[in-house]
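To start, the structure under review is shown below, and the notes come after it.
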Amino acid sequence: MPDRMPMSRRAVLTAGALGALGAALPLGAAHADSTTPADPATTAATGSGKPRPSAPKLRFRADGTFKVVQFNDTQDDEQTDRRTVELIEKVLDQEQPDFVVINGDVISSGCESRLAVKQAINNVVWPMESRGIPWAVTYGNHDEDSLPESGVDEAGMLQIYRSYAYNLNADNAAGLTGTSNTLVPIGSSTTKNRDAFALWMMDSGRYAPDAIAGQDFAGYPTWDWLRMDQVAWYREQSSVLERRGGRKVPGLMFIHIALWEHRFMWWGGVDTRTEADAARGRARHGIVGERNEDECPGPFNSGMFNAILERGDVKGVFVGHDHVNDYVGDYYGVKLGYAPGTGFGAYGLEGAERNRMRGGRVFELSEAGDTVSISTRVVYARDLGIDLTADDQPMEPLPLDPAQQRV
């Protein structure tokens, strides 16, 4: 593999476009540039990251199994490429999951009204909703691209998501950076009122601020990062789960933007970039899958991976953001991996290969006493009889139900 990947996300967006978007964001909608750590007592009282009380409760099946599907970067407007919906539906029907996460960049630019935002969202969540499958989303860097035209920010989108019967997104926790950081426990198949597993869905933000302490980010990655109060929130809620259950509860974490540790794992080091380094990383960490694009973390290491090592409960961190990566490995006891881009309307590989990587990631969980084993694999559009032609195939928006018409 060459020292530099053939594609970089930073080539897709210009600094001017980023500046225009940042200027359009309402003050309260931005991912905080600096934060005061949330008081756990305040957070618990005003929104602890749990879904609304009427939301479905997750539980392992009677045979001790549970299946999660991760889609990523559906990333389109209200005229969603029809193959995106076809892929979601075929994966759902084949895999019969118990829970689905769309891990960021659910929609993108092109939505010129609130109605268009609702339709773009509805196109990609209705396959789960119509099948009665619980689901949630995380937020990515593109979800507010239509904000200047539509007037709908992430908070407004959260109202739309939470209007669906099977959505499990939490309301915002007071004083906590990000939109809808969510913790969803999965109940045991054998013991009532016992948490057997946890699903963590974190908002990794959008873009770095223009400057900090008078210094700009020229030469550094310009994406956002998990903030320290989010790391503290994870540690606190993890401890709450442990105290409540008398043991650490294993789990998976979903965030849109990769951690720096994803890149370190692939290259087998911090400052290494040769094929020999990558081969060392693949061998040591058991990496399988493709890397066709640079990982694109923010300019700072969030510390989340260190917190995960300290707590010892999260067994995997899975991301998207970089559409043409689908690899997974074991990084010092924690699975780090990608789901490939799901949306046919977003960028993919170059030329005729554009849609070869479209797919979703499947997680199969098996409960055995206090432990839960995890296996994971990718399901591709190319194996489901879906047209991979490198073109755009927009569809008419799916009809909205009354609850979504009203919100």
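By convention in this document, the chains of the structure tokens carry letters A, B, ... by their order, each chain's residues are numbered from 1, and ligands are numbered from 1 in the order they are shown.
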Selection: 12 Å around range 279-284 of chain A, only C-alpha atoms, excl. self and same-chain fewer than 5 positions, as a VMD selection string: chain A and resid 1 261 to 270 272 to 274 289 to 291 327 to 333
Include C-alpha atoms and write out the residues we just selected as a PDB file, in the first residue's frame.
```pdb
ATOM      1  CA  MET A   1       0.000   0.000   0.000  1.00  0.00           C
ATOM      2  CA  GLU A 261      -6.572   4.681  17.301  1.00  0.00           C
ATOM      3  CA  HIS A 262      -8.247   3.404  14.130  1.00  0.00           C
ATOM      4  CA  ARG A 263      -5.374   4.884  12.142  1.00  0.00           C
ATOM      5  CA  PHE A 264      -2.718   3.717  14.614  1.00  0.00           C
ATOM      6  CA  MET A 265      -4.080   0.168  14.445  1.00  0.00           C
ATOM      7  CA  TRP A 266      -3.956   0.008  10.645  1.00  0.00           C
ATOM      8  CA  TRP A 267      -0.395   1.286  10.386  1.00  0.00           C
ATOM      9  CA  GLY A 268       0.879  -0.598  13.416  1.00  0.00           C
ATOM     10  CA  GLY A 269       2.245   2.619  14.920  1.00  0.00           C
ATOM     11  CA  VAL A 270       1.857   6.376  15.259  1.00  0.00           C
ATOM     12  CA  THR A 272       4.561   4.899  10.283  1.00  0.00           C
ATOM     13  CA  ARG A 273       3.202   4.808   6.724  1.00  0.00           C
ATOM     14  CA  THR A 274       4.916   2.030   4.740  1.00  0.00           C
ATOM     15  CA  GLY A 289     -11.147  -5.735   5.300  1.00  0.00           C
ATOM     16  CA  GLU A 290     -10.250  -2.857   3.002  1.00  0.00           C
ATOM     17  CA  ARG A 291      -8.798   0.604   3.576  1.00  0.00           C
ATOM     18  CA  TYR A 327     -11.850  -3.030   7.970  1.00  0.00           C
ATOM     19  CA  VAL A 328     -11.967  -4.313  11.539  1.00  0.00           C
ATOM     20  CA  GLY A 329      -9.229  -5.398  13.939  1.00  0.00           C
ATOM     21  CA  ASP A 330      -8.497  -6.075  17.599  1.00  0.00           C
ATOM     22  CA  TYR A 331      -6.642  -3.126  19.126  1.00  0.00           C
ATOM     23  CA  TYR A 332      -5.420  -4.189  22.554  1.00  0.00           C
ATOM     24  CA  GLY A 333      -8.599  -6.042  23.397  1.00  0.00           C
TER      25      GLY A 333
END
```
Contact table range 230-330 of chain A vs range 372-375 of chain A, cut-off 10 Å, shortest pair per residue, only C-alpha atoms, as JSON lines:
```
{"residue": "A:Val249", "atom": "CA", "partner": "A:Val372", "partner_atom": "CA", "distance": 9.3}
{"residue": "A:Pro250", "atom": "CA", "partner": "A:Val372", "partner_atom": "CA", "distance": 7.1}
{"residue": "A:Gly251", "atom": "CA", "partner": "A:Val372", "partner_atom": "CA", "distance": 8.7}
{"residue": "A:Leu252", "atom": "CA", "partner": "A:Ile374", "partner_atom": "CA", "distance": 9.4}
{"residue": "A:Lys315", "atom": "CA", "partner": "A:Ile374", "partner_atom": "CA", "distance": 8.4}
{"residue": "A:Gly316", "atom": "CA", "partner": "A:Ile374", "partner_atom": "CA", "distance": 9.1}
```
Write a file of the selected residues as a PDB file, in the first residue's frame, keeping all heavy atoms.
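Contents of again.pdb, as written:
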```
ATOM      1  N   VAL A 249     -20.828  -4.052  32.550  1.00  0.00           N
ATOM      2  CA  VAL A 249     -21.729  -4.497  31.486  1.00  0.00           C
ATOM      3  C   VAL A 249     -21.037  -4.312  30.143  1.00  0.00           C
ATOM      4  O   VAL A 249     -20.704  -3.182  29.764  1.00  0.00           O
ATOM      5  CB  VAL A 249     -23.050  -3.712  31.519  1.00  0.00           C
ATOM      6  CG1 VAL A 249     -23.972  -4.150  30.382  1.00  0.00           C
ATOM      7  CG2 VAL A 249     -23.746  -3.882  32.869  1.00  0.00           C
ATOM      8  N   PRO A 250     -20.780  -5.384  29.403  1.00  0.00           N
ATOM      9  CA  PRO A 250     -20.099  -5.248  28.101  1.00  0.00           C
ATOM     10  C   PRO A 250     -20.960  -4.475  27.108  1.00  0.00           C
ATOM     11  O   PRO A 250     -22.191  -4.405  27.246  1.00  0.00           O
ATOM     12  CB  PRO A 250     -19.898  -6.700  27.661  1.00  0.00           C
ATOM     13  CG  PRO A 250     -20.981  -7.460  28.363  1.00  0.00           C
ATOM     14  CD  PRO A 250     -21.173  -6.770  29.689  1.00  0.00           C
ATOM     15  N   GLY A 251     -20.306  -3.892  26.111  1.00  0.00           N
ATOM     16  CA  GLY A 251     -21.068  -3.112  25.152  1.00  0.00           C
ATOM     17  C   GLY A 251     -20.303  -2.812  23.883  1.00  0.00           C
ATOM     18  O   GLY A 251     -19.135  -3.182  23.713  1.00  0.00           O
ATOM     19  N   LEU A 252     -20.977  -2.128  22.970  1.00  0.00           N
ATOM     20  CA  LEU A 252     -20.398  -1.614  21.731  1.00  0.00           C
ATOM     21  C   LEU A 252     -20.668  -0.118  21.668  1.00  0.00           C
ATOM     22  O   LEU A 252     -21.716   0.352  22.123  1.00  0.00           O
ATOM     23  CB  LEU A 252     -21.033  -2.284  20.504  1.00  0.00           C
ATOM     24  CG  LEU A 252     -20.676  -3.733  20.211  1.00  0.00           C
ATOM     25  CD1 LEU A 252     -21.564  -4.275  19.099  1.00  0.00           C
ATOM     26  CD2 LEU A 252     -19.196  -3.866  19.831  1.00  0.00           C
ATOM     27  N   LYS A 315     -16.467  -3.273  24.187  1.00  0.00           N
ATOM     28  CA  LYS A 315     -15.665  -4.280  23.485  1.00  0.00           C
ATOM     29  C   LYS A 315     -15.399  -3.926  22.027  1.00  0.00           C
ATOM     30  O   LYS A 315     -14.659  -4.628  21.343  1.00  0.00           O
ATOM     31  CB  LYS A 315     -16.361  -5.642  23.554  1.00  0.00           C
ATOM     32  CG  LYS A 315     -16.674  -6.102  24.982  1.00  0.00           C
ATOM     33  CD  LYS A 315     -15.437  -6.153  25.856  1.00  0.00           C
ATOM     34  CE  LYS A 315     -15.746  -6.624  27.268  1.00  0.00           C
ATOM     35  NZ  LYS A 315     -14.541  -6.600  28.135  1.00  0.00           N
ATOM     36  N   GLY A 316     -16.006  -2.849  21.536  1.00  0.00           N
ATOM     37  CA  GLY A 316     -15.779  -2.462  20.158  1.00  0.00           C
ATOM     38  C   GLY A 316     -16.230  -1.046  19.900  1.00  0.00           C
ATOM     39  O   GLY A 316     -17.227  -0.588  20.487  1.00  0.00           O
TER      40      GLY A 316
END
```
For range 174-193 of chain A against range 235-244 of chain A, with a cut-off of 12 Å and counting only C-alpha atoms, what is the closest atom pair and its distance in Å to one decimal for every residue that makes the cut, ordered by chain and number, as a tab-separated table?
```
residue	atom	partner	partner_atom	distance
A:Asn181	CA	A:Gln237	CA	11.3
A:Thr182	CA	A:Gln237	CA	10.4
A:Leu183	CA	A:Gln237	CA	8.3
A:Val184	CA	A:Leu241	CA	11.0
A:Pro185	CA	A:Leu241	CA	9.0
A:Ile186	CA	A:Leu241	CA	11.6
A:Asn193	CA	A:Arg244	CA	10.1
```
Written selection (N, CA and C atoms) as a PDB file, in the first residue's frame:
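Contents of again32.pdb, as written:
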```
ATOM      1  N   ASN A 181     -26.505  12.032  22.724  1.00  0.00           N
ATOM      2  CA  ASN A 181     -25.645  10.953  23.206  1.00  0.00           C
ATOM      3  C   ASN A 181     -26.556   9.949  23.913  1.00  0.00           C
ATOM      4  N   THR A 182     -26.506   8.709  23.496  1.00  0.00           N
ATOM      5  CA  THR A 182     -27.536   7.748  23.898  1.00  0.00           C
ATOM      6  C   THR A 182     -26.920   6.464  24.423  1.00  0.00           C
ATOM      7  N   LEU A 183     -27.473   5.976  25.521  1.00  0.00           N
ATOM      8  CA  LEU A 183     -27.116   4.676  26.086  1.00  0.00           C
ATOM      9  C   LEU A 183     -28.355   3.797  26.075  1.00  0.00           C
ATOM     10  N   VAL A 184     -28.273   2.667  25.388  1.00  0.00           N
ATOM     11  CA  VAL A 184     -29.395   1.727  25.319  1.00  0.00           C
ATOM     12  C   VAL A 184     -28.950   0.387  25.900  1.00  0.00           C
ATOM     13  N   PRO A 185     -29.475   0.004  27.063  1.00  0.00           N
ATOM     14  CA  PRO A 185     -29.140  -1.322  27.603  1.00  0.00           C
ATOM     15  C   PRO A 185     -29.964  -2.409  26.926  1.00  0.00           C
ATOM     16  N   ILE A 186     -29.404  -3.607  26.887  1.00  0.00           N
ATOM     17  CA  ILE A 186     -30.114  -4.775  26.368  1.00  0.00           C
ATOM     18  C   ILE A 186     -30.283  -5.744  27.535  1.00  0.00           C
ATOM     19  N   ASN A 193     -34.835  -7.821  34.718  1.00  0.00           N
ATOM     20  CA  ASN A 193     -34.276  -6.552  35.191  1.00  0.00           C
ATOM     21  C   ASN A 193     -32.747  -6.592  35.317  1.00  0.00           C
TER      22      ASN A 193
END
```
In Å and to one decimal, CA of Arg377 in chain A is distant from CA of Lys67 in chain A by 11.5 Å
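Nearest residue to Ser48 in chain A, choosing from A:Asp210, A:Arg114, A:Ser150, A:Trp233 and counting only C-alpha atoms: A:Trp233.
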